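Have a look at the structure below, then the notes.
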Amino acid sequence: MGQISENPGTLASAILPVDPKRAALIEKEGLKVRPLEPLGVEIYGADVRTRLPEPVIEALEVEMANRGFIVFKHQTDLSPDELVEASKWWGAREIHSTHGVHPATPGRHRHIFRCSNDSRHGILGVGPQWHNDGSFEAATFSHSAYYMARAPERGGGTHFAHQGAAFDALPKEKQEFWERLVSVNSASSVTHPVVHTHPISGRKSVWLHLGMTGAVIERLPDDELTLDQLKTMSASADKFRLLTEDAMKALFNDYNDLLNESFDGGYGIRYHYDTGDLLFIDNWAVAHRASPEAHLPAEQQGLRIMDRVTIKARQNLAPHFGLPQYINMAGPHPFNKDGVWQAGGVGFRWKDDIRMQN
């Protein structure tokens, strides 16, 4: 498991550099563009209380798709409404909220999900494993905002891994296998491809929720299909099978290893926040997880307060092969009996010694 390319260090070139023309357009507005290595871009000189011109927003959205995320520096003391309005610059230009509201959330704003390492200030323990926000939705969030209202004194950042470069890091035979897979969310029954084509960058990108997947469906390769099956291209059950427990464990561990290896492979970064950082991710381009330090007690690490806002996508992340967007996990399935089909809770337990919470 975890076998990626023989020379992962060469993958740094798989993250596109900031486009000079887009950078010039952005800097024409008095902003400074500072690329991070190997992914991400910091933006200096902005005040997101004032909407940027539309061509600049479009340029930044493309850079997010290519480099995973952008960070507007020095955005201190944003009000809840100011944070939400700036989040509407991306995707479908609407907020897509599915969370509860912590009592400490400023103004009890329904679109702000407040996280902290102190239960008096926010929700504890959010996002310890690699994931994408809103994987239980058909139109999973296109972008997410992370506003560091208070950065802890002793670190507590977020890890990001570029999912297009991660796909490129896979051996060819594993790329071909993963492209035949569709996951089923254990809580919502929504289906998503394990490999999709990003709508802005056009890159093939991996996608799998490690904490809320109840089944993975494989379309049989053509050399395993009968002639009659090949002639009938509808989503008939005899062209598909469920991954077994062993195959599921192998897939999940491979995916986890692939993203863990992003730091050495040139497609991952451990980002450390300053108070006032407003970080936007392209949620279809990067997976993320909270750093282990983010969940340490405030007495040990310093108080951490982060506000998250999630943005509606322009389209569904639709499955391949004519499979439906929803397959009822609470009911029977038409596939092989020895496959994993597990509804509810955290889904398939692929590893017993880690906490499944995203």
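The way I read the labels, and the way they are meant: chains A, B, ... in the order of the structure tokens, residue 1 as the first residue of every chain, and ligand 1 as the first ligand shown, with later ones counted on from there.
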Asn132 in chain A surroundings by only C-alpha atoms, 10 Å radius, close-in-sequence under 4 positions cut, as number ranges by chain: A: 127, 136, 140-144, 207-210, 282-289, 358
Non-local contacts of range 256-261 of chain A (10 Å; only C-alpha atoms; under 6 positions in same chain excluded) as a PyMOL selection string: chain A and resi 1-4+8+129-131+159-163+165-167+169-170+208+210+250+267-268+286-288
Selection to disk with C-alpha atoms, as a PDB file, in the first residue's frame:
```pdb
ATOM      1  CA  MET A   1       0.000   0.000   0.000  1.00  0.00           C
ATOM      2  CA  GLY A   2       1.006   3.604  -0.448  1.00  0.00           C
ATOM      3  CA  GLN A   3       3.042   2.970  -3.599  1.00  0.00           C
ATOM      4  CA  ILE A   4       3.250   6.174  -5.586  1.00  0.00           C
ATOM      5  CA  PRO A   8       7.871  11.646  -5.971  1.00  0.00           C
ATOM      6  CA  GLN A 129      -8.573  12.714   8.930  1.00  0.00           C
ATOM      7  CA  TRP A 130      -8.147  13.608   5.257  1.00  0.00           C
ATOM      8  CA  HIS A 131     -11.482  14.733   3.828  1.00  0.00           C
ATOM      9  CA  HIS A 159      -2.672  20.161   6.153  1.00  0.00           C
ATOM     10  CA  PHE A 160      -3.577  20.368   2.451  1.00  0.00           C
ATOM     11  CA  ALA A 161      -2.947  17.850  -0.357  1.00  0.00           C
ATOM     12  CA  HIS A 162      -3.568  18.588  -4.031  1.00  0.00           C
ATOM     13  CA  GLN A 163      -5.835  15.865  -5.399  1.00  0.00           C
ATOM     14  CA  ALA A 165      -1.241  15.918  -8.333  1.00  0.00           C
ATOM     15  CA  ALA A 166      -2.143  12.978  -6.065  1.00  0.00           C
ATOM     16  CA  PHE A 167      -3.829  11.255  -9.018  1.00  0.00           C
ATOM     17  CA  ALA A 169       1.379  10.230  -8.361  1.00  0.00           C
ATOM     18  CA  LEU A 170      -0.493   6.935  -8.641  1.00  0.00           C
ATOM     19  CA  LEU A 208     -12.737   9.762  -1.151  1.00  0.00           C
ATOM     20  CA  LEU A 210     -12.246   8.379   4.808  1.00  0.00           C
ATOM     21  CA  ALA A 250      -6.527  -1.616   0.745  1.00  0.00           C
ATOM     22  CA  TYR A 267       1.905  18.142  -3.568  1.00  0.00           C
ATOM     23  CA  GLY A 268       1.140  18.790   0.107  1.00  0.00           C
ATOM     24  CA  VAL A 286      -7.565  19.785  -2.347  1.00  0.00           C
ATOM     25  CA  ALA A 287      -8.224  17.454   0.537  1.00  0.00           C
ATOM     26  CA  HIS A 288      -7.436  18.719   4.013  1.00  0.00           C
TER      27      HIS A 288
END
```
Backbone DSSP call of strand (DSSP E) for range 236-326 of chain A, listed as a list of chain:residue names: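 Residues meeting the strand (DSSP E) criterion: A:Phe240, A:Arg241, A:Leu242, A:Gly268, A:Ile269, A:Arg270, A:Tyr271, A:Leu278, A:Leu279, A:Phe280, A:Ile281, A:Asp282, A:Val286, A:Ala287, A:His288, A:Arg289, A:Ala290, A:Ile305, A:Met306, A:Asp307, A:Arg308, A:Val309, A:Thr310, A:Ile311.
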Which residues of range 40-146 of chain A come within 10 Å of range 309-328 of chain A, and for each one, what is the closest pair of atoms and their distance in Å to one decimal, counting only C-alpha atoms, sorted by chain and residue number, as a Markdown table?
```
| residue | atom | partner | partner_atom | distance |
| --- | --- | --- | --- | --- |
| A:Pro80 | CA | A:Val309 | CA | 9.9 |
| A:Leu83 | CA | A:Val309 | CA | 8.0 |
| A:Val84 | CA | A:Val309 | CA | 6.8 |
| A:Ala86 | CA | A:Val309 | CA | 9.9 |
| A:Ser87 | CA | A:Ile311 | CA | 6.9 |
| A:Lys88 | CA | A:Ile311 | CA | 6.9 |
| A:Trp89 | CA | A:Ile311 | CA | 9.1 |
| A:Trp90 | CA | A:Ile311 | CA | 7.2 |
| A:Gly91 | CA | A:Ala313 | CA | 5.3 |
| A:Ala92 | CA | A:Arg314 | CA | 4.8 |
| A:Arg93 | CA | A:Lys312 | CA | 7.0 |
| A:Glu94 | CA | A:Lys312 | CA | 5.5 |
| A:Ile95 | CA | A:Ile311 | CA | 4.5 |
| A:His96 | CA | A:Lys312 | CA | 4.8 |
| A:Ser97 | CA | A:Thr310 | CA | 6.1 |
| A:Thr98 | CA | A:Thr310 | CA | 8.7 |
| A:His99 | CA | A:Thr310 | CA | 9.8 |
| A:Arg110 | CA | A:Val309 | CA | 9.8 |
| A:His111 | CA | A:Val309 | CA | 6.2 |
| A:Ile112 | CA | A:Val309 | CA | 5.4 |
| A:Phe113 | CA | A:Val309 | CA | 6.5 |
| A:Arg114 | CA | A:Val309 | CA | 9.1 |
| A:Asp133 | CA | A:Thr310 | CA | 7.9 |
| A:Gly134 | CA | A:Thr310 | CA | 8.3 |
| A:Ser135 | CA | A:Leu317 | CA | 9.4 |
| A:Glu137 | CA | A:Asn316 | CA | 8.4 |
| A:Ala138 | CA | A:Asn316 | CA | 5.2 |
| A:Ala139 | CA | A:Asn316 | CA | 3.8 |
| A:Thr140 | CA | A:Ala313 | CA | 6.5 |
| A:Phe141 | CA | A:Lys312 | CA | 5.1 |
| A:Ser142 | CA | A:Ala313 | CA | 4.3 |
| A:His143 | CA | A:Ile311 | CA | 5.3 |
| A:Ser144 | CA | A:Thr310 | CA | 4.5 |
| A:Ala145 | CA | A:Val309 | CA | 5.0 |
| A:Tyr146 | CA | A:Val309 | CA | 6.9 |
```
Go through range 58-138 of chain A and flag each residue having an atom no more than 10 Å from range 147-156 of chain A; for those, report the closest pair of atoms plus their distance in Å to one decimal, using only C-alpha atoms, ordered by chain and rising number, as CSV.
```
residue,atom,partner,partner_atom,distance
A:Val71,CA,A:Tyr147,CA,9.5
A:Phe72,CA,A:Tyr147,CA,9.6
A:Gln75,CA,A:Tyr147,CA,8.6
A:Thr76,CA,A:Ala149,CA,7.3
A:Asp77,CA,A:Ala149,CA,7.3
A:Leu78,CA,A:Ala149,CA,8.3
A:Leu83,CA,A:Tyr147,CA,7.9
A:Ile112,CA,A:Tyr147,CA,10.0
A:Arg114,CA,A:Tyr147,CA,9.5
A:Cys115,CA,A:Met148,CA,9.7
A:Ser116,CA,A:Arg150,CA,9.4
A:Asn117,CA,A:Pro152,CA,9.4
```
Closest of A:Gly211, A:Pro221, A:Pro332, A:Pro297 to Leu124 in chain A - atom-to-atom distances counting only C-alpha atoms: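 Checking each of A:Gly211, A:Pro221, A:Pro332, A:Pro297 against Leu124 in chain A, counting only C-alpha atoms, the winner is A:Pro297.
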Helix (DSSP H, G or I) call set, DSSP backbone run, range 153-250 of chain A, as a PyMOL selection string: chain A and resi 163-169+172-178+222-224+227-231+237-239+245-250
Nearest-residue call for Leu60 in chain A, choices A:Ser189, A:Phe280, A:Gly122, A:Ile269, using only C-alpha atoms: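 Under the stated criterion, the closest residue is A:Phe280.
With distances restricted to only C-alpha atoms, A:Asp81 is the closest residue to Gly107 in chain A from A:Glu42, A:Asp81, A:Gly30, A:Gly266.
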Residue neighbourhood Ile217 in chain A, 8 Å, only C-alpha atoms, exclusion window fewer than 2 positions, as a VMD selection string: chain A and resid 181 to 184 215 219 240 to 243
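Distances here use only C-alpha atoms; by that measure, the residue among A:Pro55, A:Pro193, A:Gly40, A:Gly125 closest to Ala24 in chain A is A:Pro55.
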Nearest to Ile200 in chain A, chosen from A:Ala104, A:Ala59, A:Leu52, A:Val216, with only C-alpha atoms counted in the distances: A:Ala59
